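Everything on this sheet refers to the single structure shown next.
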Amino acid sequence: MKHIDEYRDREMVQSLCRQLDKTVKQPVRIMEVCGTHTMSIFRHGIREMLPAPVRLISGPGCPVCVTPAGTIDAFIRLAYRDKTIVATFGDMIRVPGSGQSLADARAAGCRVEMVYSPMDALVLAQKNPDAMVVFFSIGFETTTPTIAATVLEAARLELNNFCIFPANRIMPPPLAALMEDPALEVDGLLCPGHVSVITGSEAFRFLVDDYGLACAIGGFEPADILLAILALVGQVQTGQPDVENCYGRAVTPAGNQRAREIAEQVFIPVDSRWRGLGMIPVSGLAVRPEFARFDATVRLDIEGHEIEEPKGCLCGSILKGIHEPPDCPLFGTRCTPATPIGPCMVSAEGTCAAWQRYGGILHP
Amino acid sequence: MAAFCTREQAMKEKNILLDHGSGGLAAGELISGLFLEYLDNPVLARMEDAAVLDNPGGRLAFSTDSYVVDPLFFAGGDIGELAVNGTINDLAMQGATPLALSLGLIIEEGLEMEVLERIIASIARACRYAGVEVVTGDTKVVPRGKADRIFINTSGIGVVPEKADIGANRIRENDVILLSGSLAGHGITILTSRAGLQVEGGLASDTRPLHFLVQRLLAEHGTAVHAMRDPTRGGLGTTLAELARAGGLCMEIEERDIPLRSAVRAACELMGLDPLYLANEGKCVVIAAPEQAKEILAAMRSVEEGKNSRIIGRVTRQYPGRVVLTTIAGGRRLVEPLTGDPLPRIC
């Protein structure tokens, strides 16, 4: 497969590892922000290939993990309303709020539909004119434009039985919040490839200017990731941080302006609470007042409540890269993929889930 | 016994009614006009409360499975064919040759008669291909909304050859791990079809009976075959994890040796699914003595359903009870059993 096979080629990967071995002269701590990066790193066994001084830390880039339990509870309450169908991406189905998950609600008789695209939820609304269809709108810059386009389409069709429950988030602001945390020790950032397609590589420039952080945008195949790590090690060792685009086949400096415009038509940035990280200024998205009739928080008068994180759970500091999953007393004992307690275990792309599924004994 | 009513009589209603499961006249018409029409054989035709079979002597394997697949018809197969092949394969994994099947149908009121006929015809076709007969059956009809169109249960009895001794307890260090063909065909076909996705190159379920392959294997290499499993739900990853756990040994596999059709791979990449965890309905994993690895591979490849067989790994003591995968890129990682249904990612 084009753009996949050549970036998984064993010889190419091994030669990059050798190059990295020769280059690295000091400990370098790199945070991969995106959940898809985390999964790819584990799935391809990349941690094991890296020279010892290079350490990878998994950051807060899994949209399911950072959605607060109170928000999930609120959405589940919607599922119990009369004549309501709730629609969601698949990986939200099993995620527990403070008690139930959407899977539990479905078992209790609620109509919970898994969709592959927000447009599918809109079709669901057209097919069920007697029910209100509410779509759980989560995700980062990558997902937001398609959801915005769906709302615009709903407006064009003058649909009266479709709305979204907005919980989208913006990626760069939490990175700034993380950098302000004195406990965090990170030298370089493997910037999210998919998000950068939309935002453009320059969206990360402030991390270089304000925090002196080395930044490299990487794709998701093993060679992509190693190229970005190599670039980061180079920046750190020469003391010349920059934003290097190592995913040139998909990412441009300015990004996809059209997609951003569509998102801006429908959404407006607001302060937002992140599960495990707390309140972060201008890090979330609300629906603009002119589209209020498609906003479940306005139309159905529902709100998320703040809920305390489970006792003993270290997800907050795992999302910041301060702790690793095995440091948590719940990890692998009470908290497993089958019985998740903390946010990092609930999503397939969560850090703890990735460790549990792929990590284990190969990474003592 | 000749059918007392014709197919036309049995099919006179467009849809299945509650009456068809009542045991009364309509049920009789359905049985004789439709089921006997397609599945006719002397044992079934006696229409007694239980089928009476000749005792073949020796050990018997007995297995049951229920089929609730949605959609009922998919590229490469349908629920009927799946119900026949699935139970045959469960028997085959103990080395057994199927002797007879039972067929239980739970039908939702309102199912189109034409759909039922297509399914029964498909069951008949799959039975003929496999050389096995449905010898007893049961039909129930439940009110609309109490089932999803049709559920099928099949049970099967099979004869186990004298020398076969197959089980996870026989797995030894240095055994080879073989796979009978490319992975994930059934699972990805069902998932993409539910998502309404079309994939270039085409996807199709791999549903097939495996007992011919197994017969060949055991006839030539009986005692060298230590364990067999068909990686259905949970996929190859979960199956190997179960074998590793049961045998207390480590299964080391090579990702680049695992056959994967390019259309399947493309669909998995697109949906964020790991083919190691998707269902197969016509593949088996064979764990065998290393001394006869070459011959066993050749025997598997000599039948159509095994022509893409590969050696994908080896049994070691490195991480007892675990599965370790060397990735295409050359890294190594664990393969843990699947928890929950595989769900597509969101971004």
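Ordering of the structure tokens sets the chain letters (A, B, ...); residue numbers start at 1 within each chain; ligands are numbered from 1 in the order shown.
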
### Query
Hey, what does DSSP flag as strand (DSSP E) within range 118-315 of chain B? Can you give it to me as a VMD selection string?
chain B and resid 134 to 142 150 to 160 176 to 179 225 to 229 250 to 254 285 to 288 310 to 315

#### Entry: Selection near Gly202 in chain B, 10 Å with only C-alpha atoms, sequence-local residues under 4 positions removed, as a PyMOL selection string
chain B and resi 75+189+198+261-264+267

Please produce a file of those selected residues containing N, CA and C atoms, as an mmCIF file, in the first residue's frame.
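See part.cif below for the written result:
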data_model
loop_
_atom_site.group_PDB
_atom_site.id
_atom_site.type_symbol
_atom_site.label_atom_id
_atom_site.label_comp_id
_atom_site.auth_asym_id
_atom_site.auth_seq_id
_atom_site.Cartn_x
_atom_site.Cartn_y
_atom_site.Cartn_z
ATOM 1 N N ALA B 75 -20.994 -10.385 1.400
ATOM 2 C CA ALA B 75 -20.113 -10.849 0.336
ATOM 3 C C ALA B 75 -19.410 -12.115 0.792
ATOM 4 N N THR B 189 -15.349 -7.958 6.423
ATOM 5 C CA THR B 189 -16.478 -7.899 5.492
ATOM 6 C C THR B 189 -17.748 -7.484 6.234
ATOM 7 N N GLN B 198 -17.440 0.731 0.879
ATOM 8 C CA GLN B 198 -17.030 -0.078 -0.260
ATOM 9 C C GLN B 198 -15.516 -0.013 -0.330
ATOM 10 N N ARG B 261 -4.779 -10.126 2.763
ATOM 11 C CA ARG B 261 -5.094 -9.598 1.423
ATOM 12 C C ARG B 261 -5.037 -8.075 1.473
ATOM 13 N N SER B 262 -4.632 -7.477 0.329
ATOM 14 C CA SER B 262 -4.403 -6.029 0.378
ATOM 15 C C SER B 262 -5.698 -5.255 0.621
ATOM 16 N N ALA B 263 -6.829 -5.770 0.106
ATOM 17 C CA ALA B 263 -8.096 -5.069 0.351
ATOM 18 C C ALA B 263 -8.454 -5.115 1.838
ATOM 19 N N VAL B 264 -8.146 -6.247 2.482
ATOM 20 C CA VAL B 264 -8.426 -6.382 3.917
ATOM 21 C C VAL B 264 -7.548 -5.408 4.691
ATOM 22 N N ALA B 267 -8.792 -1.838 4.314
ATOM 23 C CA ALA B 267 -9.995 -1.579 5.109
ATOM 24 C C ALA B 267 -9.649 -1.471 6.592
#

### Message
Can you pull out the residues contacting Pro289 in chain A? Cut-off 12 Å, using only C-alpha atoms, and skip same-chain residues under 3 positions away; I want them as a count of residues only.
### Response
12

### Query
Which residues in range 136-241 of chain A does DSSP call alpha helix (DSSP H)? List them as a VMD selection string.
chain A and resid 144 to 156 172 to 179 193 to 199 205 to 211 222 to 238

#### Entry: Nearest residue to chain B from the set A:Glu309, A:Glu158, A:Asp181, A:Asp224 (distances using only C-alpha atoms)
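Going through A:Glu309, A:Glu158, A:Asp181, A:Asp224 one by one, the smallest distance to chain B is for A:Asp224.
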
### Message
Counting only C-alpha atoms, a student should be able to say which residues of chain A come within 7 Å of chain B; what is the right answer, written as a ChimeraX atom specification?
### Response
/A:8-10,13,44-46,48-49,89-91,116,142-143,222,337-338,357-359,362

Would you mind exporting the chosen residues as an mmCIF file, in the first residue's frame, restricted to C-alpha atoms?
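Output (out32.cif):
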data_model
loop_
_atom_site.group_PDB
_atom_site.id
_atom_site.type_symbol
_atom_site.label_atom_id
_atom_site.label_comp_id
_atom_site.auth_asym_id
_atom_site.auth_seq_id
_atom_site.Cartn_x
_atom_site.Cartn_y
_atom_site.Cartn_z
ATOM 1 C CA ARG A 8 7.190 0.246 7.560
ATOM 2 C CA ASP A 9 10.093 -1.269 5.663
ATOM 3 C CA ARG A 10 12.251 -3.140 8.149
ATOM 4 C CA VAL A 13 13.437 1.399 10.056
ATOM 5 C CA HIS A 44 4.989 -1.465 15.889
ATOM 6 C CA GLY A 45 7.168 -2.036 18.948
ATOM 7 C CA ILE A 46 9.018 1.257 18.474
ATOM 8 C CA GLU A 48 11.922 -1.286 22.174
ATOM 9 C CA MET A 49 13.943 -0.179 19.157
ATOM 10 C CA PHE A 89 -18.383 7.228 17.456
ATOM 11 C CA GLY A 90 -17.675 3.606 18.376
ATOM 12 C CA ASP A 91 -14.906 4.124 20.888
ATOM 13 C CA TYR A 116 -18.769 6.201 11.559
ATOM 14 C CA THR A 142 -9.292 16.739 12.733
ATOM 15 C CA THR A 143 -12.865 15.816 13.573
ATOM 16 C CA PRO A 222 7.327 3.628 12.086
ATOM 17 C CA PRO A 337 -9.316 -2.696 29.573
ATOM 18 C CA ALA A 338 -12.259 -4.898 30.576
ATOM 19 C CA ARG A 357 -2.407 -4.264 25.365
ATOM 20 C CA TYR A 358 1.054 -4.004 23.865
ATOM 21 C CA GLY A 359 3.476 -3.034 26.577
ATOM 22 C CA LEU A 362 8.608 -6.300 27.032
#

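In this model, the gap between CA of Gly219 in chain A and CA of Ala279 in chain B comes to 28.9 Å.
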
### Task
Mind giving me the straight-line distance from CA of Gly187 in chain B to CA of Val199 in chain B in Å, one decimal?
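Spanning CA of Gly187 in chain B to CA of Val199 in chain B is a straight-line distance of 13.9 Å.
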
### Query
So which residues touch Val66 in chain A within 10 Å, counting only C-alpha atoms, skipping near sequence neighbours fewer than 2 positions away, as JSON, numbers by chain?
{"A": [60, 61, 62, 63, 64, 68, 69, 138, 139, 167, 169, 273, 274, 275, 276, 277, 278, 315, 316, 319, 343, 344, 347, 350]}

### Query
So which one's closest to Ser182 in chain B, B:Arg301, B:Lys12, B:Lys283, B:Lys294? Using only C-alpha atoms, please.
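Ranking B:Arg301, B:Lys12, B:Lys283, B:Lys294 by distance to Ser182 in chain B, first place goes to B:Lys283.
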
### Query
CA of Ala228 in chain A to CA of Cys191 in chain A: how many Å, to one decimal?
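Pair CA of Ala228 in chain A / CA of Cys191 in chain A returns 9.0 Å.
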
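Residue neighbourhood of Ile170 in chain A, excluding near-sequence residues (fewer than 2 positions): Phe140, Glu141, Pro172, Pro173, Ser283 and Gly284 of chain A, at 7 Å, using only C-alpha atoms.
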
Generate a file of the selected residues that holds C-alpha atoms, formatted as an mmCIF file, in the first residue's frame.
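result36.cif, written as the output of this step:
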data_model
loop_
_atom_site.group_PDB
_atom_site.id
_atom_site.type_symbol
_atom_site.label_atom_id
_atom_site.label_comp_id
_atom_site.auth_asym_id
_atom_site.auth_seq_id
_atom_site.Cartn_x
_atom_site.Cartn_y
_atom_site.Cartn_z
ATOM 1 C CA PHE A 140 -9.816 17.581 18.024
ATOM 2 C CA GLU A 141 -9.152 19.787 14.998
ATOM 3 C CA PRO A 172 -2.471 23.601 21.124
ATOM 4 C CA PRO A 173 -3.814 25.267 24.350
ATOM 5 C CA SER A 283 -9.291 24.887 24.889
ATOM 6 C CA GLY A 284 -12.796 23.755 23.956
#

### Message
Taking only C-alpha atoms into account, name the residue in A:Gly35, A:Ser15, A:Phe162, A:Leu157 that is nearest to Ala87 in chain A.
### Response
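Between A:Gly35, A:Ser15, A:Phe162, A:Leu157, the residue approaching Ala87 in chain A most closely is A:Phe162.
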
### Message
Between B:Arg310, B:Arg144, B:Arg7, B:Arg118, which residue has the minimum interatomic distance to Leu30 in chain B, considering only C-alpha atoms?
### Response
B:Arg7

### Query
Of the candidates B:Asn15, B:Glu112, B:Met47, B:Asn153, which one gets nearest to Gly80 in chain B if we count only C-alpha atoms?
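Among B:Asn15, B:Glu112, B:Met47, B:Asn153, it is B:Asn153 that comes nearest to Gly80 in chain B.
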
### Task
Quick one: everything within 12 Å of Arg18 in chain A, counting only C-alpha atoms, minus sequence neighbours fewer than 2 positions away in the same chain. Send it as a list of chain:residue names.
A:Glu11, A:Met12, A:Val13, A:Gln14, A:Ser15, A:Leu16, A:Leu20, A:Asp21, A:Lys22, A:Thr23, A:Val24, A:Met49, A:Leu50, A:Pro51, A:Leu226, A:Leu227, A:Leu230

Wanna dump the range 31-120 of chain B-range 149-152 of chain B contacts at 10 Å for me, each residue with its shortest atom pair and the distance in Å to one decimal, counting only C-alpha atoms, ordered by chain and number, as a Markdown table?
| residue | atom | partner | partner_atom | distance |
| --- | --- | --- | --- | --- |
| B:Asp65 | CA | B:Ile152 | CA | 8.5 |
| B:Ser66 | CA | B:Ile152 | CA | 5.6 |
| B:Tyr67 | CA | B:Ile152 | CA | 5.1 |
| B:Val68 | CA | B:Phe151 | CA | 5.0 |
| B:Val69 | CA | B:Phe151 | CA | 8.0 |
| B:Asp70 | CA | B:Arg149 | CA | 9.3 |
| B:Pro71 | CA | B:Arg149 | CA | 9.9 |
| B:Leu72 | CA | B:Ile150 | CA | 8.2 |
| B:Ile79 | CA | B:Ile152 | CA | 7.8 |
| B:Gly80 | CA | B:Ile152 | CA | 7.7 |
| B:Leu82 | CA | B:Ile152 | CA | 9.6 |
| B:Ala83 | CA | B:Ile152 | CA | 6.8 |
| B:Val84 | CA | B:Ile152 | CA | 9.8 |
| B:Leu103 | CA | B:Ile152 | CA | 7.2 |
| B:Gly104 | CA | B:Ile152 | CA | 5.7 |
| B:Leu105 | CA | B:Ile152 | CA | 4.8 |
| B:Ile106 | CA | B:Phe151 | CA | 5.1 |
| B:Ile107 | CA | B:Ile150 | CA | 4.4 |
| B:Glu108 | CA | B:Arg149 | CA | 4.7 |
| B:Glu109 | CA | B:Arg149 | CA | 7.7 |
| B:Gly110 | CA | B:Arg149 | CA | 7.9 |
| B:Leu111 | CA | B:Arg149 | CA | 5.8 |
| B:Glu112 | CA | B:Arg149 | CA | 8.9 |
| B:Val115 | CA | B:Arg149 | CA | 9.6 |
| B:Leu116 | CA | B:Ile150 | CA | 8.5 |
| B:Ile119 | CA | B:Ile150 | CA | 9.8 |

Please dump the current selection as a PDB file, in the first residue's frame; keep C-alpha atoms.
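Once written, selection02.pdb looks like this:
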ATOM      1  CA  ASP B  65     -22.919 -22.864  18.025  1.00  0.00           C
ATOM      2  CA  SER B  66     -25.490 -20.130  17.443  1.00  0.00           C
ATOM      3  CA  TYR B  67     -25.485 -17.625  14.596  1.00  0.00           C
ATOM      4  CA  VAL B  68     -26.949 -14.149  14.884  1.00  0.00           C
ATOM      5  CA  VAL B  69     -24.958 -12.350  12.193  1.00  0.00           C
ATOM      6  CA  ASP B  70     -26.177  -9.016  10.849  1.00  0.00           C
ATOM      7  CA  PRO B  71     -26.444  -8.637   7.859  1.00  0.00           C
ATOM      8  CA  LEU B  72     -27.905 -12.048   6.986  1.00  0.00           C
ATOM      9  CA  ILE B  79     -25.975 -16.858   7.849  1.00  0.00           C
ATOM     10  CA  GLY B  80     -26.985 -20.301   6.560  1.00  0.00           C
ATOM     11  CA  LEU B  82     -21.931 -19.811   8.198  1.00  0.00           C
ATOM     12  CA  ALA B  83     -24.093 -21.963  10.481  1.00  0.00           C
ATOM     13  CA  VAL B  84     -23.099 -25.129   8.645  1.00  0.00           C
ATOM     14  CA  LEU B 103     -30.679 -27.177  12.759  1.00  0.00           C
ATOM     15  CA  GLY B 104     -32.625 -24.911  15.119  1.00  0.00           C
ATOM     16  CA  LEU B 105     -34.271 -21.780  13.743  1.00  0.00           C
ATOM     17  CA  ILE B 106     -35.641 -18.903  15.758  1.00  0.00           C
ATOM     18  CA  ILE B 107     -37.492 -16.662  13.327  1.00  0.00           C
ATOM     19  CA  GLU B 108     -38.951 -13.225  13.909  1.00  0.00           C
ATOM     20  CA  GLU B 109     -42.551 -12.902  12.781  1.00  0.00           C
ATOM     21  CA  GLY B 110     -42.653 -11.104   9.451  1.00  0.00           C
ATOM     22  CA  LEU B 111     -39.403 -12.445   7.999  1.00  0.00           C
ATOM     23  CA  GLU B 112     -39.818 -12.595   4.239  1.00  0.00           C
ATOM     24  CA  VAL B 115     -35.337 -14.727   2.620  1.00  0.00           C
ATOM     25  CA  LEU B 116     -35.964 -17.919   4.567  1.00  0.00           C
ATOM     26  CA  ILE B 119     -31.107 -19.278   3.727  1.00  0.00           C
TER      27      ILE B 119
END
